[in-house]
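Heads up, entry_25.cif below (mmCIF, C-alpha atoms):
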```cif
data_start
loop_
_atom_site.label_atom_id
_atom_site.label_comp_id
_atom_site.auth_asym_id
_atom_site.auth_seq_id
_atom_site.Cartn_x
_atom_site.Cartn_y
_atom_site.Cartn_z
CA MET A 272 94.83 91.89 122.35
CA GLN A 273 94.33 88.21 121.59
CA THR A 274 94.07 87.40 117.89
CA ASN A 275 92.95 84.27 116.05
CA PHE A 276 94.42 84.47 112.58
CA THR A 277 95.08 81.05 111.04
CA GLU A 278 98.55 79.93 110.02
CA ALA A 279 97.46 80.20 106.40
CA GLN A 280 96.33 83.80 106.91
CA LEU A 281 99.63 84.71 108.54
CA GLN A 282 101.46 83.71 105.37
CA ASP A 283 100.07 86.95 103.92
CA PRO A 284 102.58 89.70 104.89
CA ALA A 285 99.79 92.26 105.21
CA LEU A 286 97.79 90.12 107.63
CA ALA A 287 100.96 89.19 109.53
CA ARG A 288 101.62 92.92 110.01
CA ALA A 289 98.01 93.49 111.11
CA ASN A 290 98.41 90.67 113.64
CA GLU A 291 101.51 92.34 115.11
CA ILE A 292 99.70 95.65 115.48
CA LEU A 293 96.54 94.16 116.98
CA ARG A 294 98.46 92.10 119.52
CA ALA A 295 100.20 95.25 120.77
CA CYS A 296 96.85 96.81 121.81
CA VAL A 297 96.03 96.38 125.53
CA HIS A 298 92.53 97.97 125.45
CA CYS A 299 93.68 100.79 127.77
CA GLY A 300 91.53 103.45 126.10
CA PHE A 301 94.09 106.25 126.35
CA CYS A 302 93.48 106.83 122.64
CA THR A 303 89.87 107.87 123.23
CA ALA A 304 91.00 110.96 125.15
CA THR A 305 92.76 112.44 122.12
CA CYS A 306 90.58 111.15 119.26
CA PRO A 307 88.77 114.07 117.58
CA THR A 308 85.90 112.00 116.21
CA TYR A 309 85.24 110.37 119.58
CA GLN A 310 85.13 113.81 121.18
CA VAL A 311 82.68 115.06 118.56
CA LEU A 312 80.48 111.95 118.20
CA GLY A 313 80.86 110.22 121.57
CA ASP A 314 80.59 106.75 120.01
CA GLU A 315 83.07 104.07 121.08
CA LEU A 316 83.12 102.77 117.50
CA ASP A 317 84.31 106.21 116.40
CA SER A 318 87.37 105.92 118.61
CA PRO A 319 90.62 104.14 117.69
CA ARG A 320 89.88 101.33 120.14
CA GLY A 321 86.43 100.78 118.66
CA ARG A 322 87.73 100.84 115.10
CA ILE A 323 90.46 98.37 116.04
CA TYR A 324 87.79 95.90 117.18
CA LEU A 325 85.88 96.34 113.92
CA ILE A 326 89.02 95.96 111.80
CA LYS A 327 90.17 92.90 113.78
CA ASP A 328 86.83 91.16 113.25
CA MET A 329 86.80 92.00 109.55
CA LEU A 330 90.36 90.88 108.82
CA GLU A 331 90.32 87.79 111.05
CA SER A 332 87.12 86.46 109.53
CA GLY A 333 88.34 87.23 106.03
CA ARG A 334 84.91 88.57 105.18
CA PRO A 335 84.06 91.51 102.94
CA ALA A 336 83.64 94.83 104.70
CA ASP A 337 80.11 95.63 105.86
CA GLU A 338 78.32 98.98 105.98
CA LYS A 339 78.86 99.42 109.74
CA THR A 340 82.62 98.91 109.55
CA VAL A 341 82.90 101.13 106.50
CA ARG A 342 80.94 103.94 108.17
CA HIS A 343 83.18 104.06 111.23
CA VAL A 344 86.47 103.60 109.37
CA ASP A 345 85.45 106.32 106.91
CA ARG A 346 84.93 108.68 109.84
CA CYS A 347 88.54 108.21 110.94
CA LEU A 348 90.65 111.28 110.12
CA SER A 349 93.95 109.36 110.21
CA CYS A 350 95.17 112.26 112.34
CA LEU A 351 97.23 109.70 114.32
CA ALA A 352 96.83 111.50 117.64
CA CYS A 353 96.11 108.04 119.01
CA MET A 354 99.63 106.93 118.07
CA THR A 355 101.13 109.83 120.02
CA THR A 356 99.02 108.93 123.05
CA CYS A 357 99.28 105.13 122.93
CA PRO A 358 101.61 103.77 125.65
CA SER A 359 101.86 100.40 123.89
CA GLY A 360 103.14 101.64 120.53
CA VAL A 361 100.17 100.41 118.49
CA HIS A 362 100.89 101.41 114.87
CA TYR A 363 97.34 102.43 114.08
CA MET A 364 98.35 104.10 110.78
CA HIS A 365 99.41 100.83 109.13
CA LEU A 366 96.31 99.07 110.45
CA VAL A 367 93.75 101.62 109.25
CA ASP A 368 95.51 101.91 105.89
CA GLN A 369 95.17 98.16 105.46
CA ALA A 370 91.53 98.30 106.52
CA ARG A 371 90.84 100.94 103.88
CA ALA A 372 92.49 98.83 101.19
CA HIS A 373 90.37 95.85 102.26
CA ILE A 374 87.24 97.99 102.16
CA GLU A 375 88.08 99.29 98.70
CA ALA A 376 88.63 95.73 97.45
CA THR A 377 85.57 94.08 99.03
CA TYR A 378 82.83 96.68 99.58
CA ARG A 379 80.59 98.16 96.91
CA ARG A 380 79.64 101.67 97.96
CA PRO A 381 76.44 103.41 96.85
CA TRP A 382 76.84 104.84 93.35
CA ARG A 383 77.00 108.44 94.55
CA ASP A 384 79.83 107.63 96.96
CA ARG A 385 81.71 105.76 94.23
CA ALA A 386 81.34 108.69 91.84
CA LEU A 387 82.54 111.27 94.35
CA ARG A 388 85.53 109.22 95.46
CA TRP A 389 86.45 108.49 91.84
CA LEU A 390 86.25 112.21 91.05
CA VAL A 391 88.52 113.11 93.97
CA ALA A 392 91.08 110.39 93.15
CA LYS A 393 91.19 111.32 89.47
CA THR A 394 91.41 115.08 90.04
CA LEU A 395 93.37 116.15 93.12
CA PRO A 396 96.63 114.25 92.39
CA PHE A 397 96.85 115.86 88.93
CA PRO A 398 97.54 119.62 89.08
CA GLY A 399 96.29 120.35 85.57
CA ARG A 400 93.00 118.56 86.16
CA PHE A 401 92.67 120.10 89.59
CA ARG A 402 93.15 123.63 88.25
CA ALA A 403 90.46 122.97 85.66
CA ALA A 404 88.14 121.60 88.36
CA LEU A 405 88.75 124.68 90.52
CA ARG A 406 87.82 126.95 87.62
CA LEU A 407 84.55 125.06 87.21
CA ALA A 408 83.97 125.13 90.97
CA ARG A 409 84.35 128.92 91.00
CA LEU A 410 81.56 129.15 88.44
CA GLY A 411 79.35 126.84 90.49
CA ARG A 412 80.18 128.32 93.89
CA PRO A 413 77.26 130.82 93.94
CA PHE A 414 74.92 127.84 93.63
CA ALA A 415 76.57 125.73 96.35
CA ARG A 416 73.63 126.08 98.75
CA LEU A 417 71.35 124.47 96.19
CA MET A 418 73.39 121.26 96.15
CA PRO A 419 71.53 118.44 97.94
CA ASP A 420 74.73 116.61 98.94
CA PRO A 421 76.91 118.42 101.54
CA ARG A 422 79.99 116.83 99.96
CA LEU A 423 79.27 118.56 96.66
CA ARG A 424 78.84 121.84 98.53
CA ALA A 425 82.21 121.29 100.21
CA MET A 426 83.87 120.66 96.86
CA LEU A 427 82.46 123.87 95.39
CA GLN A 428 83.44 125.88 98.44
CA MET A 429 87.02 124.59 98.21
CA ALA A 430 87.71 126.84 95.22
CA PRO A 431 89.82 129.86 96.24
CA PRO A 432 88.53 133.34 95.30
CA ASP A 433 91.45 133.79 92.92
CA LEU A 434 93.30 131.12 91.00
CA ARG A 435 96.99 131.80 90.63
CA PRO A 436 98.97 130.83 87.55
CA PRO A 437 101.48 127.94 87.82
CA GLY A 438 104.57 128.76 89.87
CA GLU A 439 108.12 128.72 88.60
CA SER A 440 108.65 125.27 90.12
CA ASP A 441 105.94 123.57 88.06
CA ARG A 442 108.37 122.13 85.52
CA PRO A 443 111.44 119.91 86.11
CA GLN A 444 114.62 121.97 86.57
CA VAL A 445 117.51 122.77 88.87
CA PHE A 446 117.62 125.92 90.99
CA PRO A 447 121.30 126.62 91.76
CA ALA A 448 122.47 127.62 95.21
CA ARG A 449 123.61 131.16 95.76
CA GLY A 450 127.28 131.28 96.70
CA ALA A 451 128.99 128.13 97.89
CA ARG A 452 126.75 125.06 97.65
CA ARG A 453 126.13 123.52 101.07
CA MET A 454 123.89 120.68 99.91
CA ARG A 455 121.77 119.39 97.04
CA VAL A 456 118.13 118.46 97.64
CA ALA A 457 115.06 117.41 95.68
CA LEU A 458 111.75 119.15 96.34
CA LEU A 459 108.41 117.38 96.28
CA THR A 460 106.28 120.12 94.75
CA GLY A 461 102.98 118.44 95.57
CA CYS A 462 99.75 118.13 93.60
CA ALA A 463 96.90 120.09 95.15
CA GLN A 464 99.40 122.58 96.53
CA LYS A 465 100.56 123.52 93.03
CA ALA A 466 97.03 124.56 92.15
CA LEU A 467 95.90 126.04 95.46
CA ASP A 468 99.01 127.99 96.44
CA PRO A 469 102.14 127.88 94.23
CA ASP A 470 103.68 130.60 96.44
CA ILE A 471 104.62 127.91 98.99
CA ASN A 472 106.97 126.12 96.60
CA ASP A 473 108.39 129.42 95.34
CA ALA A 474 109.14 130.51 98.92
CA THR A 475 110.74 127.15 99.68
CA ILE A 476 113.06 127.42 96.70
CA ARG A 477 113.99 131.03 97.48
CA VAL A 478 114.87 130.45 101.12
CA LEU A 479 116.89 127.31 100.35
CA THR A 480 118.86 128.65 97.39
CA ARG A 481 119.53 131.90 99.26
CA HIS A 482 121.20 129.86 101.99
CA GLY A 483 123.39 127.66 99.83
CA VAL A 484 121.10 124.78 98.88
CA GLU A 485 120.72 123.58 95.31
CA VAL A 486 117.10 122.55 94.69
CA VAL A 487 116.08 119.95 92.10
CA VAL A 488 112.56 119.45 90.79
CA ALA A 489 112.99 115.92 89.45
CA ARG A 490 111.76 114.92 86.02
CA ASP A 491 108.72 112.58 85.95
CA MET A 492 108.22 112.90 89.72
CA GLY A 493 104.42 113.15 89.69
CA CYS A 494 102.29 112.54 92.79
CA CYS A 495 103.68 110.86 95.92
CA GLY A 496 100.57 108.65 96.21
CA ALA A 497 99.47 109.87 99.65
CA LEU A 498 95.96 110.90 98.69
CA THR A 499 94.97 107.68 96.93
CA HIS A 500 96.81 105.61 99.55
CA HIS A 501 94.61 106.98 102.33
CA MET A 502 91.51 106.36 100.22
CA GLY A 503 92.41 102.65 100.11
CA ARG A 504 93.20 102.73 96.38
CA ALA A 505 96.35 100.70 96.88
CA GLU A 506 97.16 99.93 93.24
CA GLU A 507 96.95 103.58 92.17
CA ALA A 508 98.88 104.76 95.22
CA HIS A 509 101.73 102.30 94.68
CA ALA A 510 101.97 103.19 91.00
CA GLN A 511 102.20 106.90 91.83
CA ALA A 512 104.69 106.32 94.63
CA ALA A 513 106.82 104.04 92.45
CA GLN A 514 107.06 106.77 89.81
CA ALA A 515 108.26 109.26 92.44
CA ILE A 516 110.75 106.74 93.85
CA ARG A 517 112.24 106.12 90.40
CA ALA A 518 112.50 109.85 89.70
CA TRP A 519 114.34 110.55 92.95
CA SER A 520 116.47 107.41 92.64
CA ALA A 521 117.70 108.69 89.28
CA GLU A 522 118.84 111.91 91.00
CA ILE A 523 120.47 109.95 93.83
CA ALA A 524 122.35 107.80 91.31
CA GLY A 525 123.29 110.90 89.27
CA GLU A 526 124.62 113.94 91.10
CA GLY A 527 123.30 112.69 94.44
CA LEU A 528 120.80 114.07 96.95
CA ASP A 529 121.46 115.06 100.53
CA ALA A 530 117.73 115.21 101.26
CA ILE A 531 114.27 115.03 99.73
CA VAL A 532 112.39 118.06 101.02
CA VAL A 533 108.63 117.93 101.56
CA ASN A 534 106.67 121.08 102.41
CA THR A 535 103.26 119.38 102.55
CA SER A 536 103.32 117.32 105.71
CA GLY A 537 100.55 114.97 104.62
CA CYS A 538 102.78 113.91 101.75
CA GLY A 539 105.83 113.78 104.02
CA THR A 540 104.27 111.18 106.31
CA THR A 541 103.68 108.89 103.33
CA VAL A 542 107.10 109.43 101.72
CA LYS A 543 108.81 108.67 105.02
CA ASP A 544 106.80 105.42 105.11
CA TYR A 545 107.86 104.23 101.63
CA GLY A 546 110.18 101.67 103.21
CA HIS A 547 107.18 99.95 104.76
CA MET A 548 104.90 100.39 101.75
CA PHE A 549 107.42 98.72 99.42
CA ARG A 550 108.98 96.25 101.87
CA ASN A 551 107.88 93.26 99.75
CA ASP A 552 108.42 94.93 96.38
CA PRO A 553 111.38 94.85 93.95
CA LEU A 554 111.68 98.60 94.66
CA ALA A 555 112.23 97.94 98.38
CA GLU A 556 115.86 99.10 98.49
CA GLU A 557 115.24 102.25 96.47
CA ALA A 558 112.10 103.04 98.46
CA ALA A 559 114.00 102.74 101.74
CA ALA A 560 116.75 105.01 100.40
CA VAL A 561 114.17 107.64 99.43
CA ALA A 562 112.38 107.40 102.78
CA ALA A 563 115.66 107.79 104.65
CA ARG A 564 116.35 111.10 102.84
CA ALA A 565 112.86 112.57 103.29
CA VAL A 566 112.65 115.59 105.59
CA ASP A 567 110.03 118.20 106.31
CA ILE A 568 111.09 121.69 105.23
CA SER A 569 111.14 122.80 108.89
CA GLU A 570 113.62 120.04 109.75
CA LEU A 571 115.97 121.18 106.99
CA LEU A 572 115.66 124.86 107.90
CA GLU A 573 116.52 124.01 111.50
CA ARG A 574 119.53 122.03 110.30
CA LEU A 575 120.73 124.96 108.18
CA GLU A 576 120.74 127.30 111.20
CA LEU A 577 119.59 130.35 109.26
CA PRO A 578 120.69 133.78 110.52
CA PRO A 579 118.23 135.56 112.82
CA GLY A 580 115.36 137.20 110.92
CA ARG A 581 113.19 140.30 111.22
CA GLY A 582 109.75 138.72 111.58
CA GLY A 583 108.21 140.84 114.33
CA LEU A 584 104.68 139.40 114.14
CA ARG A 585 102.69 137.33 116.62
CA VAL A 586 102.23 133.93 114.99
CA ALA A 587 99.74 131.32 116.15
CA TYR A 588 101.30 128.02 115.10
CA HIS A 589 98.93 125.24 114.05
CA ALA A 590 100.61 121.85 114.27
CA ALA A 591 99.40 119.74 111.35
CA CYS A 592 98.51 116.23 112.52
CA SER A 593 100.64 114.61 109.82
CA LEU A 594 103.62 116.57 111.12
CA GLN A 595 103.22 116.33 114.90
CA HIS A 596 101.71 112.84 115.06
CA GLY A 597 102.65 111.20 111.75
CA GLN A 598 106.27 112.38 111.57
CA LYS A 599 106.83 113.33 115.24
CA VAL A 600 108.15 116.73 114.13
CA LYS A 601 107.01 119.06 116.88
CA ASP A 602 109.68 121.59 117.79
CA ALA A 603 111.42 122.38 114.49
CA PRO A 604 108.68 124.59 112.96
CA LYS A 605 108.37 126.68 116.12
CA ALA A 606 112.14 126.93 116.48
CA VAL A 607 112.68 128.23 112.94
CA LEU A 608 109.85 130.75 113.34
CA ARG A 609 111.34 132.06 116.56
CA ARG A 610 114.80 132.26 115.02
CA ALA A 611 113.25 134.24 112.16
CA GLY A 612 112.09 136.82 114.71
CA PHE A 613 108.45 135.87 115.25
CA GLU A 614 106.62 135.55 118.54
CA VAL A 615 105.14 132.04 118.49
CA VAL A 616 102.00 131.13 120.41
CA GLU A 617 100.05 127.86 120.42
CA PRO A 618 96.33 127.21 120.87
CA VAL A 619 94.84 125.02 123.56
CA ASP A 620 94.29 121.42 122.44
CA ALA A 621 97.01 121.82 119.82
CA HIS A 622 97.00 118.05 119.36
CA LEU A 623 93.49 118.07 117.86
CA CYS A 624 92.86 117.99 114.11
CA CYS A 625 91.47 120.97 112.16
CA GLY A 626 89.29 118.62 110.08
CA SER A 627 91.18 118.86 106.79
CA ALA A 628 92.90 115.45 106.85
CA GLY A 629 93.58 115.03 103.13
CA THR A 630 90.19 114.51 101.51
CA TYR A 631 88.28 114.26 104.80
CA ASN A 632 86.79 117.77 104.62
CA LEU A 633 85.37 116.85 101.20
CA LEU A 634 84.05 113.39 102.08
CA GLN A 635 83.00 114.05 105.71
CA PRO A 636 82.21 117.79 105.63
CA GLU A 637 79.90 117.91 108.65
CA ILE A 638 82.40 116.47 111.13
CA ALA A 639 85.21 118.42 109.45
CA GLY A 640 83.21 121.62 109.87
CA GLN A 641 82.80 121.07 113.60
CA LEU A 642 86.52 120.46 114.00
CA LYS A 643 87.35 123.54 111.93
CA THR A 644 85.13 125.75 114.08
CA ARG A 645 86.83 124.50 117.23
CA LYS A 646 90.31 124.93 115.80
CA VAL A 647 89.66 128.45 114.49
CA ARG A 648 88.21 129.50 117.85
CA THR A 649 91.29 128.32 119.78
CA LEU A 650 93.69 129.94 117.29
CA GLU A 651 91.86 133.28 117.25
CA ALA A 652 91.82 133.26 121.06
CA LYS A 653 95.58 133.87 120.91
CA ALA A 654 95.00 137.19 119.08
CA PRO A 655 97.62 136.46 116.40
CA ASP A 656 98.70 138.68 113.53
CA VAL A 657 99.00 135.58 111.38
CA ILE A 658 98.46 131.82 111.61
CA ALA A 659 101.19 129.45 110.40
CA ALA A 660 100.90 125.79 109.40
CA GLY A 661 102.98 123.27 107.50
CA ASN A 662 100.33 121.62 105.34
CA ILE A 663 98.29 123.03 102.46
CA GLY A 664 95.14 121.17 103.54
CA CYS A 665 95.25 122.78 107.00
CA ILE A 666 95.96 126.18 105.47
CA ALA A 667 92.93 125.95 103.18
CA GLN A 668 90.69 124.51 105.91
CA ILE A 669 91.54 127.06 108.60
CA GLY A 670 91.68 129.90 106.10
CA SER A 671 88.07 129.23 105.09
CA GLY A 672 86.94 129.92 108.65
CA THR A 673 88.91 132.97 109.75
CA GLY A 674 89.83 136.47 108.66
CA VAL A 675 93.33 136.09 110.10
CA PRO A 676 95.91 135.47 107.33
CA VAL A 677 96.98 131.82 107.20
CA LEU A 678 100.40 131.08 105.73
CA HIS A 679 102.85 128.25 105.39
CA THR A 680 105.70 128.37 107.88
CA VAL A 681 108.24 128.56 105.06
CA GLU A 682 106.58 131.68 103.58
CA LEU A 683 107.11 133.53 106.85
CA VAL A 684 110.69 132.33 107.23
CA ASP A 685 111.47 133.29 103.63
CA TRP A 686 110.08 136.80 104.14
CA ALA A 687 111.86 137.30 107.48
CA THR A 688 115.23 136.28 106.03
CA GLY A 689 115.25 138.36 102.85
CA GLY A 690 112.40 137.18 100.64
CA PRO A 691 109.37 139.16 99.46
CA ARG A 692 106.43 139.93 101.71
CA PRO A 693 103.87 137.08 101.42
CA ARG A 694 100.88 137.82 99.25
CA ALA A 695 98.44 137.24 102.13
CA LEU A 696 100.20 140.00 104.11
CA ALA A 697 100.74 142.36 101.20
CA ALA A 698 97.72 144.47 102.08
CA GLY A 699 98.78 144.78 105.69
#
```
Conversion result in structure tokens:
Amino acid sequence: MQTNFTEAQLQDPALARANEILRACVHCGFCTATCPTYQVLGDELDSPRGRIYLIKDMLESGRPADEKTVRHVDRCLSCLACMTTCPSGVHYMHLVDQARAHIEATYRRPWRDRALRWLVAKTLPFPGRFRAALRLARLGRPFARLMPDPRLRAMLQMAPPDLRPPGESDRPQVFPARGARRMRVALLTGCAQKALDPDINDATIRVLTRHGVEVVVARDMGCCGALTHHMGRAEEAHAQAAQAIRAWSAEIAGEGLDAIVVNTSGCGTTVKDYGHMFRNDPLAEEAAAVAARAVDISELLERLELPPGRGGLRVAYHAACSLQHGQKVKDAPKAVLRRAGFEVVEPVDAHLCCGSAGTYNLLQPEIAGQLKTRKVRTLEAKAPDVIAAGNIGCIAQIGSGTGVPVLHTVELVDWATGGPRPRALAAG
């Protein structure tokens, strides 16, 4: 794609990076075939290629974002299926993230949109606040249908039927390995995940320590910054990420870390990209060191070569977009499930998003609902005993549309290799 940035504009590292990405695009349109929003809406501007044109025009001209550009960029899931499909290697993720930051800095949204986005950004990354919000949402849930704004209804319906108390991993500590220590890792315990399903972190710690891994929950770790980053709130996101980088760097400089384990793949995609996010920052070296150690839990479990398990169930595996497209981790989750004794099946169109996409199901509930219905239908068609996924957002999204138990991959592996039966299967 031909670009026309001025020499002065290209002195800005962000615009120079955008120029590189835009010039890699050859207009082939392969991305439209795998874009969920294009399939649902049928609008060229709701495809990656269409959004690239809008973003190019906005950034090249240096103008504030307009309503049309904002509408179509907001509809992007950031599922990154387009990056898997693109034959030219267009790094759409970096481009759309920059577009969102530009929108946040130059566009004044209607007051209701501003209020909702502020509420999400100031609640979800903080487990204590999020738990309190979920308690209030449970009280308001019976009245959800009376809400005039579908986004408010989606927020009320997000509350789980039962709120679990904080898990054992909520506070900073070290969980020693059983027997001889094979490695020492830090665990990103997440934000929303702590409130929605603390069992995931508990299962992660159990399966790792049982197989010789010392697990550290670092002091002052906080949020990884993924949620606010994808909302375009660059200053907040970098502050949160910097805090996490410093916390893990202290562990690296202390007793050392062999890996930083992430069991929420949406967070993992961002942590693995810290080197890019902080490339022009004094924290650049530390950020790159953190990113180089980041692994999804399935990658580490595959590396550990756990003994064969006693799973025995038919598992429909849902590949979270942030894992299969963002991190290019495709085989490890299925391999560890099979090694744990499960029969693994995959739905048709496994590359398509379930509609969760971080905060997307809250801010774009109608499109998210259509994608959820499609995803649930294809998963249930496999007649599974259980559905497995590697991201809390997907688990909550799919779980709200099916009666089949939906669990994190690590919960199943933990159970099959000596851990307790997962709560969602306890009645079975």
Could you expand the PyMOL selection byres ((chain A and resi 391-397) around 12) into the explicit residues it covers here, written as an NGL selection string?
:A and (384-390 or 398-405 or 422-423 or 426 or 429 or 441 or 460-467 or 492-505 or 507-508 or 511-512 or 538 or 629-634 or 664)
Evaluate the PyMOL selection byres ((chain A and resi 583) around 12) against this structure - the residues, as an MDAnalysis selection string, please.
chainID A and resid 579:582 584:586 608:615 655:657 683:684 686:688
For this structure, which residues satisfy the selection - the PyMOL selection byres ((chain A and resi 408-412) around 10) - when it is evaluated on the file as given? I want them as a list in words.
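Here the PyMOL selection byres ((chain A and resi 408-412) around 10) matches Arg402, Ala403, Ala404, Leu405, Arg406, Leu407, Pro413, Phe414, Ala415, Arg416, Leu417, Met418, Leu423, Arg424, Ala425, Met426, Leu427, Gln428, Met429, Ala430, Pro431, Pro432, Asp433 and Leu434 of chain A.
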May I have the residues within 12 Å of segment 370-373 of chain A as JSON, numbers by chain, using only C-alpha atoms and disregarding those fewer than 4 positions away in the same chain?
{"A": [285, 286, 288, 289, 322, 323, 324, 325, 326, 327, 328, 329, 330, 331, 333, 334, 335, 336, 337, 340, 341, 342, 343, 344, 345, 346, 347, 349, 363, 364, 365, 366, 377, 378, 379, 499, 500, 501, 502, 503, 504, 505, 506, 507, 508, 509]}
When distances are computed from all atoms listed in the file, which of A:Ile531, A:Leu351, A:Cys306, A:Ala562 shows the smallest separation from Gly597 of chain A?
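Closest to Gly597 of chain A, using all atoms listed in the file: A:Leu351.
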Please list, as a short mmCIF file (atom, residue, chain, number, x, y, z; two decimals) with C-alpha atoms, keeping the file's coordinate frame, the residues that have an atom at most 12 Å away from (118.8, 122.7, 110.9) in the coordinates of this file, counting all atoms listed in the file.
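Ended up saving to part.cif:
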```
data_model
loop_
_atom_site.label_atom_id
_atom_site.label_comp_id
_atom_site.auth_asym_id
_atom_site.auth_seq_id
_atom_site.Cartn_x
_atom_site.Cartn_y
_atom_site.Cartn_z
CA LEU A 479 116.89 127.31 100.35
CA HIS A 482 121.20 129.86 101.99
CA VAL A 566 112.65 115.59 105.59
CA ASP A 567 110.03 118.20 106.31
CA ILE A 568 111.09 121.69 105.23
CA SER A 569 111.14 122.80 108.89
CA GLU A 570 113.62 120.04 109.75
CA LEU A 571 115.97 121.18 106.99
CA LEU A 572 115.66 124.86 107.90
CA GLU A 573 116.52 124.01 111.50
CA ARG A 574 119.53 122.03 110.30
CA LEU A 575 120.73 124.96 108.18
CA GLU A 576 120.74 127.30 111.20
CA LEU A 577 119.59 130.35 109.26
CA PRO A 578 120.69 133.78 110.52
CA ASP A 602 109.68 121.59 117.79
CA ALA A 603 111.42 122.38 114.49
CA PRO A 604 108.68 124.59 112.96
CA ALA A 606 112.14 126.93 116.48
CA VAL A 607 112.68 128.23 112.94
CA ARG A 610 114.80 132.26 115.02
#
```
